[in-house]
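Enquirer: Okay, handing you the structure first.
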Amino acid sequence: MRHLFALLIVAVTIFAGAASGATGSGLRGLVTRGPIMPVCMVDQPCDEPAANVRLVFLRTGVVVSRVRTSATGWYRVALAPGRYAVRLPGKPALGRIVKPQTARVLRGRYSRVDFSIDTGIR
């Protein structure tokens, strides 16, 4: 009987973790910024990785999480399943707008979503 009770506790714990999204869900990807020069030329990149940039994730207008990109522009953030607005901190302005501005997190997986920041250089 004691073994059955222990097995039941383990099963409930595993089920509760899976139901709460503990299996791991969120977003990952590359953040770039550009253009990095007024005139883009053939064979020269017109954008670059956005190093050490902070992304803010909101759900129903409430900040849920923040993440900083690596030195090479990559990020990974754990989020519960659902749809999120994505912003840069501070007031929206030229060079401070990230696209896409929304992202969807699927249950049980890290979806790749790459973001770009328009620098406003023209």
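By convention here, the chains of the structure tokens are called A, B, ... in the order presented, each chain's residues are numbered starting at 1, and ligands are numbered starting at 1 in the order presented.
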Quick one: everything within 8 Å of Ala80 in chain A, counting only C-alpha atoms, minus sequence neighbours fewer than 5 positions away in the same chain. Send it as JSON, numbers by chain.
Expert: {"A": [21, 25, 26, 105, 107]}
Enquirer: Mind dumping the selected residues with N, CA, C and O atoms as a compact mmCIF listing (two decimals), in the first residue's frame?
Expert:
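And here is the file that came out, part-v1.txt:
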# COMPACT_ATOMS: atom_id res chain seq x y z
N GLY A 21 2.94 23.47 -17.92
CA GLY A 21 3.90 23.93 -18.92
C GLY A 21 5.34 23.72 -18.49
O GLY A 21 6.25 24.24 -19.08
N SER A 25 8.41 25.61 -22.43
CA SER A 25 7.92 26.33 -23.59
C SER A 25 8.48 27.73 -23.55
O SER A 25 8.84 28.25 -22.50
N GLY A 26 8.58 28.32 -24.72
CA GLY A 26 9.10 29.68 -24.80
C GLY A 26 9.50 30.02 -26.21
O GLY A 26 9.03 29.41 -27.18
N VAL A 105 3.59 31.49 -28.35
CA VAL A 105 4.32 30.40 -27.71
C VAL A 105 3.43 29.17 -27.70
O VAL A 105 2.27 29.23 -27.27
N ARG A 107 2.65 25.17 -26.59
CA ARG A 107 2.85 24.31 -25.41
C ARG A 107 3.95 23.28 -25.67
O ARG A 107 3.99 22.62 -26.69
Enquirer: Please identify all polymer residues within 12 Å of Leu88 in chain A, counting only C-alpha atoms, omitting same-chain residues fewer than 5 positions from it, and present them as a count of residues only.
Expert: 28
Enquirer: Need the shell around Arg76 in chain A: protein/DNA/RNA residues with any atom at most 7 Å away, counting only C-alpha atoms. Skip same-chain ones fewer than 5 positions apart. Format as a list in words?
Expert: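 Here the answer would be Leu27, Arg28 and Gly29 of chain A.
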Enquirer: Give me a file of those residues, with C-alpha atoms, as a CSV table (one decimal), in the first residue's frame.
Expert:
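File written: result_8.csv
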chain,number,residue,atom,x,y,z
A,27,LEU,CA,10.8,31.5,-27.6
A,28,ARG,CA,14.3,31.5,-29.0
A,29,GLY,CA,16.0,33.2,-32.0
Enquirer: Quick one: of A:Ile36, A:Val42, A:Ala85, A:Ala103, who's nearest to Gly120 in chain A, counting only C-alpha atoms?
Expert: A:Ile36
Enquirer: What does the distance from CA of Thr102 in chain A to CA of Pro38 in chain A come to in Å, to one decimal?
Expert: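 For CA of Thr102 in chain A relative to CA of Pro38 in chain A, the distance reads 27.7 Å.
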Enquirer: For Leu106 in chain A, list every protein, DNA or RNA residue within 8 Å, evaluated using only C-alpha atoms, and leave out those in the same chain fewer than 2 positions away; present the list as an MDAnalysis selection string.
Expert: chainID A and resid 25:26 81:82 104 108:111
Enquirer: Considering only C-alpha atoms, state which residue in the set A:Pro49, A:Tyr75, A:Val113, A:Gly61 is at the smallest distance from Thr32 in chain A.
Expert: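 Closest to Thr32 in chain A of all the choices is A:Pro49.
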Enquirer: One number please: CA of Pro35 in chain A to CA of Arg122 in chain A, in Å, one decimal.
Expert: 7.7 Å
